[in-house]
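Just below is one structure, and these are the notes that go with it.
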Amino acid sequence: MTVPSALAIASEVTDPEMPMLTLADLGVLREVEEEGRCVRVRITPTYSGCPAMATMRDDLVSRLRSAGYADVRVEVSLSPAWSSDWISERGRRALVEHGVSAPGPAPERTGPVPLSLLPTRREVTCPRCGSGETALVSEYASTACKAQYRCTACLEPFDHVKEH
Amino acid sequence: MDKDHDSVYDGLLDADHAGDDSQWAFGTDFEDPLAGVDTTLPDGADAGALAAYCLMLGDDALIGSHRLSQWSSRAHDLEDDIALSNIALDLLGQARLLLARAAAADPGVVPELPEGSPVPPEDALAFFRDEGGFRNVRLVEQPNGDFAETVARLLVTSVWRLALLERLAGSRDTVLAAIAEKGVKEVTYHRDYAARWVLTLAHGTEESRARLVAGLDVVWPLHDELFRTTDVERTVAEQQVGVDPASVADEVGVLIDHVLSVAGLERPTRAAAGPVAGGTGRDGRHTEAMGPLLAKMQVVARAHPTGLW
C-alpha cells in the first residue's frame with residue numbers, strides 16, 4: 001500500500017466557511033514540504049482578518065498527525081497577497097454547484113487604485129437558475145470575501161465571491 | 001456527533017474528542033499571525049522607530065475597528081450592519097499583523113505581564129497598554145454618532161489609509177510591505193463603501209443630507225492630525241520603511257474634494273483641533289472618548305492576565 005503524501009492529505013482539507021472547497025482549490029494552501037515524518041505547510045489568509053485561519057491550521061495539523069506525521073508546522077505566507085484568481089476551475093464549479101457565484105478576473109492595477117462612486121458592475125449569473133438578470137444587494141455578505149446578490153428572475157438571494 | 005445526545009452541546013464534550021480541539025473554532029492554542037514569516041529588520045532600519053510606527057498604524061486599525069464593531073446589531077438594515085462589521089474585521093486583521101510586527105521589531109514595546117502568562121505580544125499590546133501608550137490618531141477614537149457621522153469619518157479615514165498603504169507596499173521592510181499590499185485590497189472596498197454612502201445620503205432626503213453635513217462638521221477638526229508628521233514617521237520615511245503622512249495630503253485632499261463635489265457639498269470650514277499640551281494621538285494624548293473605549297475593550301483581558309483565549 002502506498003502512503004498518501006503530506007501534500008495529498010493537506011490538499012483534501014476543506015475551508016471551514018466554504019466546505020465545498022478544499023484549501024488547495026481556494027488557493028490558500030501555498031506550499032507543503034515533507035521530510036521524513038515532519039511537514040511544514042504554508043497557508044495564506046484570504047483577508048487579513050479572516051477568522052478561519054486558526055481552524056484551517058488546526059484542521060491541517062489534525063489530519064496530518066492522524067496520517068502519521070509527528071511534527072506538523074503550519075506557517076503563514078503573507079506575500080504575494082491572496083487573489084481570487086487563485087481559486088481553481090474545480091473550485092469555481094464547486095462554488096456554483098453549492099449556490100455561490102464564482103468571482104470574475106481580479107482587477108489588474110498599475111498606478112493608484114481608482115475610486116469607484118458607482119456600484120461595482122459585474123456580469124453575475126444566478127447559480128440557482130442560470131439567469132443573467134441579477135442585482136447587487138451589498139458589497140458585503142456573510143463573510144468579507146463575498147458580496148450579496150439577488151436574482152431578479154427566480155428572486156432568490158445568493159452570495160458572490162468578490163474579485164480580490 | 002453521536003445522535004443519541006439530548007443536547008447538541010453534549011456531543012462537543014464527547015470522550016472521543018478528548019484532547020482533540022479541532023471542533024472549536026476559537027480558543028485552541030494561539031495562532032501567531034506572523035508564524036514562519038521572516039521578521040528580520042531591513043539594513044539600516046531603526047528597530048524602535050519601526051515598532052513605534054507599526055503601533056501607530058496598528059492602533060488606528062484596532063481602535064477604528066473597535067468603534068465600527070459597536071455598530072454590530074445596531075445599523076439601519078442588515079446589509080449595512082454586516083458591511084460595517086466586515087470592515088471592522090478587516091481592520092482588526094490589519095491591527096493584529098501590525099501589532100505583531102511591532103512586537104517582533106522591538107519586544108521592548110510589549111507590556112510586561114505576570115510570569116507564565118500565555119498572552120501573546122499582540123494581545124498584550126491591545127489589552128494591557130494604558131491610554132498614554134496608544135498611538136492612534138484621535139479621529140478614530142471618537143464615538144460613532146449617527147450613521148451619517150460614521151460614514152463621514154470612514155470616508156476620511158479610508159481615503160487616507162488607502163493612500164498611505166499604497167505607498168507602504170513599497171516599504172523596504174518586507175513584512176510591512178506585505179501587510180500593506182493585502183490591506184490595499186481591503187481598504188479599497190472600505191473607501192468605495194463610504195464614498196457611495198456619502199453620495200446616497202447627500203442626494204437622499206433633506207434629513208439625510210443635513211445629517212451628513214453635520215457629520216462632516218464633527219469629523220473635520222480632527223482631520224488635520226492625519227497629515228501631521230511626527231519624528232517617528234520622519235525617521236521611518238527617511239529609512240524607506242514607512243511613509244511620511246504629509247506626502248499623501250494632496251492626494252487625499254483631491255479625492256475627498258471630488259467625493260464632496262459629486263455630492264454637491266462644500267468642505268467643512270471648522271478649524272483644526274490642534275495639539276493638546278504639545279501633543280496629539282500619535283504622542284499618546286487622546287480625547288475624553290478614549291478612556292471609556294479602552295475600559296470596555298480591555299476589561300475582560302485585564303481581569304484575567306494569565307488567561308488563555
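For the C-alpha cells, the naming scheme is as follows: chains receive sequential letters (A, B, ...) according to their order of presentation, residues are indexed from 1 within each chain, and ligands are indexed from 1 in presentation order.
Selecting chain B residues within 6 Å of chain A and counting only C-alpha atoms yields B:Ser22, B:Ala25, B:Ala35, B:Gly36, B:Ala83, B:Asn86, B:Leu89, B:Asp90, B:Leu92, B:Gly93, B:Gln94, B:Ala178, B:Lys182, B:Asp192, B:Arg196.
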N, CA and C atoms of the current selection, written as a CSV table (one decimal), in the first residue's frame:
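To be explicit, this is the file written out as selection11.csv:
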```csv
chain,number,residue,atom,x,y,z
B,22,SER,N,-10.1,20.3,17.6
B,22,SER,CA,-10.3,20.7,16.3
B,22,SER,C,-11.8,21.2,16.1
B,25,ALA,N,-13.8,26.5,17.0
B,25,ALA,CA,-13.3,27.5,16.0
B,25,ALA,C,-12.3,28.4,16.7
B,35,ALA,N,3.4,33.7,12.1
B,35,ALA,CA,4.2,32.4,12.2
B,35,ALA,C,4.9,32.1,10.9
B,36,GLY,N,6.2,31.9,11.1
B,36,GLY,CA,7.0,31.5,9.9
B,36,GLY,C,7.4,32.6,9.0
B,83,ALA,N,-21.9,45.0,6.6
B,83,ALA,CA,-20.9,45.7,5.9
B,83,ALA,C,-19.9,46.3,7.0
B,86,ASN,N,-17.9,43.8,8.7
B,86,ASN,CA,-16.9,43.2,7.9
B,86,ASN,C,-15.7,44.2,7.8
B,89,LEU,N,-13.8,43.9,10.8
B,89,LEU,CA,-13.0,42.7,10.8
B,89,LEU,C,-11.7,42.8,10.0
B,90,ASP,N,-11.8,43.4,8.8
B,90,ASP,CA,-10.6,43.7,8.0
B,90,ASP,C,-9.6,44.5,8.8
B,92,LEU,N,-9.4,44.8,12.0
B,92,LEU,CA,-8.8,44.1,13.2
B,92,LEU,C,-7.7,43.1,12.7
B,93,GLY,N,-7.9,42.5,11.5
B,93,GLY,CA,-6.9,41.7,10.9
B,93,GLY,C,-5.6,42.5,10.7
B,94,GLN,N,-5.7,43.7,10.1
B,94,GLN,CA,-4.6,44.5,9.9
B,94,GLN,C,-3.9,44.9,11.2
B,178,ALA,N,4.1,43.6,2.8
B,178,ALA,CA,3.1,42.5,2.6
B,178,ALA,C,1.8,42.9,3.2
B,182,LYS,N,-1.8,43.6,1.1
B,182,LYS,CA,-3.0,43.0,1.4
B,182,LYS,C,-4.1,44.0,1.8
B,192,ASP,N,-14.7,52.7,-1.1
B,192,ASP,CA,-15.9,52.8,-2.0
B,192,ASP,C,-17.2,52.8,-1.3
B,196,ARG,N,-19.7,56.0,-1.6
B,196,ARG,CA,-21.0,55.8,-2.2
B,196,ARG,C,-22.1,56.2,-1.2
```
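Excluding B:Leu199 and any residue on its chain fewer than 6 positions from it, the residues at most 10 Å away by only C-alpha atoms are Leu117 and Leu118 of chain A; Arg209, Leu212, Val259, Leu260, Ser261, Val262, Ala263, Gly264 and Leu265 of chain B.
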A:Leu29: which residues within 7 Å, counting only C-alpha atoms, same-chain residues fewer than 2 positions away excluded, as a short mmCIF file (atom, residue, chain, number, x, y, z; two decimals) with all heavy atoms, in the first residue's frame?
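Produced file out-v5.cif, reproduced below:
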```cif
data_model
loop_
_atom_site.label_atom_id
_atom_site.label_comp_id
_atom_site.auth_asym_id
_atom_site.auth_seq_id
_atom_site.Cartn_x
_atom_site.Cartn_y
_atom_site.Cartn_z
N LEU A 23 -8.77 23.67 0.67
CA LEU A 23 -7.85 24.80 0.81
C LEU A 23 -7.00 24.95 -0.45
O LEU A 23 -6.60 26.05 -0.82
CB LEU A 23 -6.96 24.62 2.04
CG LEU A 23 -7.68 24.55 3.39
CD1 LEU A 23 -6.65 24.47 4.52
CD2 LEU A 23 -8.59 25.74 3.59
N ALA A 24 -6.74 23.81 -1.11
CA ALA A 24 -5.96 23.85 -2.35
C ALA A 24 -6.77 24.52 -3.45
O ALA A 24 -6.26 25.38 -4.19
CB ALA A 24 -5.57 22.44 -2.76
N GLY A 27 -6.90 28.19 -3.11
CA GLY A 27 -5.64 28.89 -3.33
C GLY A 27 -4.98 29.36 -2.04
O GLY A 27 -4.04 30.14 -2.05
N GLU A 31 2.10 25.85 0.07
CA GLU A 31 3.32 25.05 0.00
C GLU A 31 3.24 23.92 1.02
O GLU A 31 2.79 24.15 2.15
CB GLU A 31 4.49 25.98 0.37
CG GLU A 31 5.82 25.59 -0.21
CD GLU A 31 6.88 26.61 0.24
OE1 GLU A 31 6.70 27.81 -0.06
OE2 GLU A 31 7.84 26.19 0.90
N ARG A 42 2.52 25.89 4.39
CA ARG A 42 2.33 27.36 4.38
C ARG A 42 0.96 27.68 3.82
O ARG A 42 0.60 27.19 2.74
CB ARG A 42 3.42 28.04 3.54
CG ARG A 42 4.77 28.00 4.19
CD ARG A 42 5.80 28.77 3.39
NE ARG A 42 5.78 30.19 3.72
CZ ARG A 42 6.50 30.73 4.71
NH1 ARG A 42 7.26 29.98 5.46
NH2 ARG A 42 6.43 32.02 4.96
N ILE A 43 0.20 28.50 4.58
CA ILE A 43 -1.11 28.94 4.09
C ILE A 43 -1.14 30.46 4.08
O ILE A 43 -0.38 31.11 4.79
CB ILE A 43 -2.28 28.39 4.95
CG1 ILE A 43 -2.10 28.76 6.43
CG2 ILE A 43 -2.42 26.90 4.79
CD1 ILE A 43 -3.28 28.34 7.31
N THR A 44 -2.01 31.01 3.25
CA THR A 44 -2.11 32.47 3.17
C THR A 44 -3.54 32.89 3.46
O THR A 44 -4.49 32.23 3.01
CB THR A 44 -1.65 32.96 1.78
OG1 THR A 44 -1.55 34.38 1.82
CG2 THR A 44 -2.61 32.58 0.66
#
```
| task | Quick one: everything within 12 Å of A:Leu64, counting only C-alpha atoms, minus sequence neighbours fewer than 3 positions away in the same chain. Send it as a VMD selection string. | result | chain A and resid 4 to 13 32 34 37 to 41 57 to 61 67 to 74
Can you write out the residues you just picked, keeping N, CA, C and O atoms, as a tab-separated table (two decimals), in the first residue's frame?
```tsv
chain	number	residue	atom	x	y	z
A	4	PRO	N	-0.27	7.97	1.38
A	4	PRO	CA	-0.51	9.24	0.71
A	4	PRO	C	0.49	10.29	1.16
A	4	PRO	O	0.89	10.31	2.33
A	5	SER	N	0.92	11.13	0.26
A	5	SER	CA	1.91	12.15	0.61
A	5	SER	C	1.25	13.22	1.47
A	5	SER	O	0.03	13.37	1.50
A	6	ALA	N	2.09	13.98	2.18
A	6	ALA	CA	1.57	15.07	3.01
A	6	ALA	C	0.81	16.06	2.13
A	6	ALA	O	-0.22	16.60	2.52
A	7	LEU	N	1.31	16.27	0.92
A	7	LEU	CA	0.64	17.19	0.01
A	7	LEU	C	-0.77	16.70	-0.32
A	7	LEU	O	-1.74	17.47	-0.31
A	8	ALA	N	-0.88	15.37	-0.58
A	8	ALA	CA	-2.19	14.82	-0.92
A	8	ALA	C	-3.16	14.98	0.25
A	8	ALA	O	-4.33	15.32	0.06
A	9	ILE	N	-2.66	14.75	1.47
A	9	ILE	CA	-3.53	14.88	2.65
A	9	ILE	C	-3.93	16.33	2.87
A	9	ILE	O	-5.11	16.65	3.06
A	10	ALA	N	-2.94	17.23	2.82
A	10	ALA	CA	-3.22	18.64	3.05
A	10	ALA	C	-4.19	19.17	1.99
A	10	ALA	O	-5.04	20.02	2.27
A	11	SER	N	-4.07	18.65	0.77
A	11	SER	CA	-4.91	19.14	-0.33
A	11	SER	C	-6.37	18.78	-0.15
A	11	SER	O	-7.24	19.34	-0.80
A	12	GLU	N	-6.64	17.79	0.71
A	12	GLU	CA	-8.04	17.37	0.92
A	12	GLU	C	-8.74	18.17	2.01
A	12	GLU	O	-9.96	18.08	2.16
A	13	VAL	N	-7.97	18.92	2.80
A	13	VAL	CA	-8.59	19.68	3.90
A	13	VAL	C	-9.44	20.80	3.31
A	13	VAL	O	-9.03	21.47	2.37
A	32	VAL	N	3.65	22.74	0.64
A	32	VAL	CA	3.73	21.63	1.60
A	32	VAL	C	5.10	20.99	1.43
A	32	VAL	O	5.42	20.50	0.35
A	34	GLU	N	7.76	18.15	2.87
A	34	GLU	CA	7.74	16.93	3.67
A	34	GLU	C	9.16	16.42	3.81
A	34	GLU	O	9.90	16.35	2.82
A	37	ARG	N	9.05	12.31	8.80
A	37	ARG	CA	7.73	12.44	9.42
A	37	ARG	C	7.41	13.89	9.80
A	37	ARG	O	6.48	14.15	10.56
A	38	CYS	N	8.21	14.82	9.26
A	38	CYS	CA	7.97	16.24	9.55
A	38	CYS	C	7.37	16.92	8.33
A	38	CYS	O	7.79	16.67	7.20
A	39	VAL	N	6.39	17.77	8.58
A	39	VAL	CA	5.76	18.51	7.49
A	39	VAL	C	5.71	19.99	7.84
A	39	VAL	O	5.44	20.36	8.98
A	40	ARG	N	6.01	20.81	6.84
A	40	ARG	CA	5.83	22.25	7.00
A	40	ARG	C	4.85	22.70	5.94
A	40	ARG	O	5.05	22.48	4.75
A	41	VAL	N	3.74	23.30	6.40
A	41	VAL	CA	2.70	23.75	5.48
A	41	VAL	C	2.65	25.27	5.54
A	41	VAL	O	2.75	25.86	6.61
A	57	ARG	N	-5.62	25.93	10.30
A	57	ARG	CA	-4.38	25.39	10.84
A	57	ARG	C	-4.66	24.15	11.68
A	57	ARG	O	-4.00	23.12	11.52
A	58	ASP	N	-5.68	24.23	12.55
A	58	ASP	CA	-5.99	23.09	13.40
A	58	ASP	C	-6.40	21.88	12.56
A	58	ASP	O	-6.02	20.75	12.87
A	59	ASP	N	-7.18	22.13	11.50
A	59	ASP	CA	-7.61	21.02	10.65
A	59	ASP	C	-6.42	20.37	9.94
A	59	ASP	O	-6.32	19.14	9.85
A	60	LEU	N	-5.50	21.20	9.47
A	60	LEU	CA	-4.31	20.67	8.79
A	60	LEU	C	-3.48	19.83	9.76
A	60	LEU	O	-3.07	18.71	9.45
A	61	VAL	N	-3.27	20.39	10.96
A	61	VAL	CA	-2.45	19.68	11.96
A	61	VAL	C	-3.11	18.36	12.31
A	61	VAL	O	-2.47	17.30	12.33
A	67	ALA	N	-2.46	11.06	10.07
A	67	ALA	CA	-1.86	10.28	8.98
A	67	ALA	C	-0.44	9.83	9.34
A	67	ALA	O	0.24	9.22	8.51
A	68	GLY	N	0.01	10.15	10.55
A	68	GLY	CA	1.29	9.62	10.99
A	68	GLY	C	2.44	10.62	10.97
A	68	GLY	O	3.57	10.26	11.28
A	69	TYR	N	2.16	11.85	10.59
A	69	TYR	CA	3.24	12.84	10.61
A	69	TYR	C	3.36	13.41	12.03
A	69	TYR	O	2.41	13.98	12.57
A	70	ALA	N	4.53	13.20	12.64
A	70	ALA	CA	4.69	13.52	14.06
A	70	ALA	C	4.82	15.03	14.27
A	70	ALA	O	4.28	15.59	15.22
A	71	ASP	N	5.54	15.68	13.37
A	71	ASP	CA	5.86	17.09	13.58
A	71	ASP	C	5.25	17.90	12.44
A	71	ASP	O	5.71	17.82	11.30
A	72	VAL	N	4.18	18.62	12.74
A	72	VAL	CA	3.50	19.39	11.70
A	72	VAL	C	3.56	20.86	12.08
A	72	VAL	O	3.13	21.26	13.16
A	73	ARG	N	4.13	21.66	11.20
A	73	ARG	CA	4.19	23.10	11.44
A	73	ARG	C	3.40	23.82	10.37
A	73	ARG	O	3.61	23.58	9.18
A	74	VAL	N	2.49	24.69	10.79
A	74	VAL	CA	1.74	25.47	9.82
A	74	VAL	C	2.20	26.92	9.92
A	74	VAL	O	2.17	27.51	11.00
```
| message | My list of candidates is B:Ala47, B:Leu97, B:Leu55, B:Val159. Which is closest to B:Arg129 when distances are computed with only C-alpha atoms? | response | B:Leu55
| message | Env of A:Ser101: 7 Å cut, atoms = only C-alpha atoms, seq-sep filter 2 positions within chain, self excluded. Answer as a ChimeraX atom specification. | response | /A:95-96,99,103,126-127,159-161
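Here the question is which of B:Lys185, B:Arg211, B:Arg135, B:Arg67 gets nearest to B:Gly281 using only C-alpha atoms, and that residue is B:Arg135.
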| Who sits within 9 Å of B:Gly133, only C-alpha atoms, same chain under 6 positions skipped, as a PyMOL selection string | chain B and resi 283-285
Write the residues of the selection above to a file with N, CA and C atoms, as a PDB file, in the first residue's frame.
```
ATOM      1  N   ASP B 283       1.213  61.011  20.033  1.00  0.00           N
ATOM      2  CA  ASP B 283       2.080  61.114  21.215  1.00  0.00           C
ATOM      3  C   ASP B 283       1.412  60.489  22.445  1.00  0.00           C
ATOM      4  N   GLY B 284       0.261  59.865  22.243  1.00  0.00           N
ATOM      5  CA  GLY B 284      -0.437  59.267  23.379  1.00  0.00           C
ATOM      6  C   GLY B 284      -1.369  60.235  24.087  1.00  0.00           C
ATOM      7  N   ARG B 285      -1.629  61.404  23.468  1.00  0.00           N
ATOM      8  CA  ARG B 285      -2.561  62.359  24.092  1.00  0.00           C
ATOM      9  C   ARG B 285      -3.914  62.236  23.393  1.00  0.00           C
TER      10      ARG B 285
END
```
| Would you give me, as JSON, numbers by chain, the residues in stretch 54-164 of chain A that DSSP reads as strand (DSSP E or B)? | {"A": [71, 72, 73, 74, 75, 76, 100, 101, 134, 135, 136, 137, 138, 146, 147, 148, 149, 150, 151, 157, 158, 159, 160, 161]}
Store the residues picked out above in a file with C-alpha atoms, as a PDB file, in the first residue's frame.
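After the write, result-v9.pdb holds the following:
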```pdb
ATOM      1  CA  ASP A  71       5.859  17.089  13.577  1.00  0.00           C
ATOM      2  CA  VAL A  72       3.499  19.391  11.702  1.00  0.00           C
ATOM      3  CA  ARG A  73       4.186  23.103  11.444  1.00  0.00           C
ATOM      4  CA  VAL A  74       1.736  25.470   9.816  1.00  0.00           C
ATOM      5  CA  GLU A  75       3.204  28.824   8.818  1.00  0.00           C
ATOM      6  CA  VAL A  76       1.767  31.980   7.327  1.00  0.00           C
ATOM      7  CA  VAL A 100     -22.383  30.584  -4.637  1.00  0.00           C
ATOM      8  CA  SER A 101     -21.402  32.646  -7.658  1.00  0.00           C
ATOM      9  CA  THR A 134     -29.107  39.746 -11.174  1.00  0.00           C
ATOM     10  CA  ALA A 135     -28.802  42.778  -8.911  1.00  0.00           C
ATOM     11  CA  LEU A 136     -26.220  43.707  -6.328  1.00  0.00           C
ATOM     12  CA  VAL A 137     -27.672  43.974  -2.825  1.00  0.00           C
ATOM     13  CA  SER A 138     -24.492  44.688  -0.857  1.00  0.00           C
ATOM     14  CA  LYS A 146     -18.423  37.742  -0.572  1.00  0.00           C
ATOM     15  CA  ALA A 147     -20.912  40.243  -1.970  1.00  0.00           C
ATOM     16  CA  GLN A 148     -24.652  39.704  -1.770  1.00  0.00           C
ATOM     17  CA  TYR A 149     -26.774  39.492  -4.907  1.00  0.00           C
ATOM     18  CA  ARG A 150     -30.329  38.617  -5.766  1.00  0.00           C
ATOM     19  CA  CYS A 151     -31.665  37.094  -8.925  1.00  0.00           C
ATOM     20  CA  PRO A 157     -30.679  35.809  -2.979  1.00  0.00           C
ATOM     21  CA  PHE A 158     -27.172  34.394  -3.361  1.00  0.00           C
ATOM     22  CA  ASP A 159     -23.566  35.125  -2.444  1.00  0.00           C
ATOM     23  CA  HIS A 160     -20.893  36.108  -4.958  1.00  0.00           C
ATOM     24  CA  VAL A 161     -17.210  35.611  -4.109  1.00  0.00           C
TER      25      VAL A 161
END
```
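Minimum atom-to-atom distance to B:Ala61, evaluated using only C-alpha atoms, belongs to B:Asn136 out of B:Thr230, B:Thr174, B:Asn136, B:Thr235.
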| said: Would you pick out the contacts of B:Ser85 at 7 Å or less, using only C-alpha atoms, so that residues sharing its chain but fewer than 6 positions from it are not included, and give the list as number ranges by chain? | reply: B: 68-69, 72
Output of the above residues as a PDB file, in the first residue's frame, restricted to N, CA, C and O atoms:
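Everything below was put into again-v1.pdb:
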```pdb
ATOM      1  N   LEU B  68     -16.169  50.645  14.934  1.00  0.00           N
ATOM      2  CA  LEU B  68     -17.090  50.146  13.909  1.00  0.00           C
ATOM      3  C   LEU B  68     -17.825  48.898  14.393  1.00  0.00           C
ATOM      4  O   LEU B  68     -18.992  48.692  14.065  1.00  0.00           O
ATOM      5  N   SER B  69     -17.142  48.086  15.195  1.00  0.00           N
ATOM      6  CA  SER B  69     -17.791  46.850  15.668  1.00  0.00           C
ATOM      7  C   SER B  69     -18.949  47.184  16.611  1.00  0.00           C
ATOM      8  O   SER B  69     -19.836  46.368  16.812  1.00  0.00           O
ATOM      9  N   SER B  72     -22.427  46.703  15.316  1.00  0.00           N
ATOM     10  CA  SER B  72     -22.965  45.362  15.124  1.00  0.00           C
ATOM     11  C   SER B  72     -24.319  45.242  15.829  1.00  0.00           C
ATOM     12  O   SER B  72     -24.419  45.519  17.031  1.00  0.00           O
TER      13      SER B  72
END
```
| field | DSSP-assigned helix (DSSP H, G or I) among stretch 1-157 of chain A, expressed as a ChimeraX atom specification | value | /A:6-12,23-26,53-66,84-86,89-97
Selection above as a file: N, CA and C atoms, as a compact mmCIF listing (two decimals), in the first residue's frame:
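So the final result, stored in again.txt, reads:
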```txt
# COMPACT_ATOMS: atom_id res chain seq x y z
N ALA A 6 2.09 13.98 2.18
CA ALA A 6 1.57 15.07 3.01
C ALA A 6 0.81 16.06 2.13
N LEU A 7 1.31 16.27 0.92
CA LEU A 7 0.64 17.19 0.01
C LEU A 7 -0.77 16.70 -0.32
N ALA A 8 -0.88 15.37 -0.58
CA ALA A 8 -2.19 14.82 -0.92
C ALA A 8 -3.16 14.98 0.25
N ILE A 9 -2.66 14.75 1.47
CA ILE A 9 -3.53 14.88 2.65
C ILE A 9 -3.93 16.33 2.87
N ALA A 10 -2.94 17.23 2.82
CA ALA A 10 -3.22 18.64 3.05
C ALA A 10 -4.19 19.17 1.99
N SER A 11 -4.07 18.65 0.77
CA SER A 11 -4.91 19.14 -0.33
C SER A 11 -6.37 18.78 -0.15
N GLU A 12 -6.64 17.79 0.71
CA GLU A 12 -8.04 17.37 0.92
C GLU A 12 -8.74 18.17 2.01
N LEU A 23 -8.77 23.67 0.67
CA LEU A 23 -7.85 24.80 0.81
C LEU A 23 -7.00 24.95 -0.45
N ALA A 24 -6.74 23.81 -1.11
CA ALA A 24 -5.96 23.85 -2.35
C ALA A 24 -6.77 24.52 -3.45
N ASP A 25 -8.06 24.17 -3.57
CA ASP A 25 -8.92 24.79 -4.60
C ASP A 25 -9.11 26.28 -4.35
N LEU A 26 -9.10 26.66 -3.08
CA LEU A 26 -9.29 28.07 -2.73
C LEU A 26 -8.02 28.88 -2.98
N MET A 53 -8.53 31.25 9.85
CA MET A 53 -7.14 30.80 9.77
C MET A 53 -6.79 29.79 10.87
N ALA A 54 -7.25 30.06 12.10
CA ALA A 54 -6.91 29.15 13.21
C ALA A 54 -7.53 27.78 12.98
N THR A 55 -8.77 27.78 12.46
CA THR A 55 -9.43 26.50 12.20
C THR A 55 -8.73 25.75 11.07
N MET A 56 -8.33 26.49 10.04
CA MET A 56 -7.60 25.84 8.93
C MET A 56 -6.33 25.18 9.47
N ARG A 57 -5.62 25.93 10.30
CA ARG A 57 -4.38 25.39 10.84
C ARG A 57 -4.66 24.15 11.68
N ASP A 58 -5.68 24.23 12.55
CA ASP A 58 -5.99 23.09 13.40
C ASP A 58 -6.40 21.88 12.56
N ASP A 59 -7.18 22.13 11.50
CA ASP A 59 -7.61 21.02 10.65
C ASP A 59 -6.42 20.37 9.94
N LEU A 60 -5.50 21.20 9.47
CA LEU A 60 -4.31 20.67 8.79
C LEU A 60 -3.48 19.83 9.76
N VAL A 61 -3.27 20.39 10.96
CA VAL A 61 -2.45 19.68 11.96
C VAL A 61 -3.11 18.36 12.31
N SER A 62 -4.42 18.41 12.55
CA SER A 62 -5.12 17.21 12.98
C SER A 62 -5.10 16.12 11.90
N ARG A 63 -5.34 16.50 10.65
CA ARG A 63 -5.36 15.49 9.58
C ARG A 63 -3.97 14.91 9.32
N LEU A 64 -2.96 15.76 9.34
CA LEU A 64 -1.61 15.27 9.06
C LEU A 64 -1.09 14.41 10.22
N ARG A 65 -1.43 14.81 11.45
CA ARG A 65 -1.00 13.99 12.60
C ARG A 65 -1.65 12.62 12.55
N SER A 66 -2.97 12.58 12.25
CA SER A 66 -3.62 11.27 12.20
C SER A 66 -3.05 10.42 11.08
N SER A 84 -8.36 36.19 -5.70
CA SER A 84 -9.46 35.28 -6.07
C SER A 84 -9.14 34.55 -7.38
N ASP A 85 -8.16 35.05 -8.14
CA ASP A 85 -7.74 34.34 -9.36
C ASP A 85 -7.14 32.97 -9.03
N TRP A 86 -6.74 32.79 -7.78
CA TRP A 86 -6.11 31.52 -7.40
C TRP A 86 -7.14 30.41 -7.15
N GLU A 89 -10.36 25.94 -11.22
CA GLU A 89 -11.56 25.68 -12.02
C GLU A 89 -12.51 24.75 -11.28
N ARG A 90 -11.91 23.72 -10.65
CA ARG A 90 -12.74 22.77 -9.90
C ARG A 90 -13.43 23.49 -8.75
N GLY A 91 -12.69 24.39 -8.10
CA GLY A 91 -13.24 25.17 -7.00
C GLY A 91 -14.40 26.05 -7.48
N ARG A 92 -14.24 26.65 -8.65
CA ARG A 92 -15.30 27.52 -9.18
C ARG A 92 -16.57 26.72 -9.47
N ARG A 93 -16.37 25.51 -10.04
CA ARG A 93 -17.55 24.66 -10.30
C ARG A 93 -18.23 24.28 -9.00
N ALA A 94 -17.41 23.94 -7.98
CA ALA A 94 -17.97 23.53 -6.69
C ALA A 94 -18.77 24.67 -6.05
N LEU A 95 -18.27 25.90 -6.18
CA LEU A 95 -18.98 27.05 -5.63
C LEU A 95 -20.37 27.16 -6.25
N VAL A 96 -20.40 27.12 -7.60
CA VAL A 96 -21.67 27.30 -8.31
C VAL A 96 -22.63 26.16 -7.97
N GLU A 97 -22.10 24.93 -7.91
CA GLU A 97 -22.95 23.79 -7.55
C GLU A 97 -23.59 23.98 -6.18
```
| What is the distance, in Å and to one decimal place, between atom CA of B:Asp224 and atom CA of B:Ala273? | 8.1 Å
| said: Nearest residue to B:His66 out of B:Ala95, B:Arg191, B:Ala88, B:Ala49, using only C-alpha atoms? | reply: B:Ala88
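The gap separating atom CA of B:Arg96 from atom CA of A:Pro19 is 25.8 Å, in Å to one decimal.
Minimum atom-to-atom distances from B:Met290, B:Ala272, B:Leu155, B:Val140 to B:Ala195 were compared using only C-alpha atoms, and the lowest value belongs to B:Leu155.
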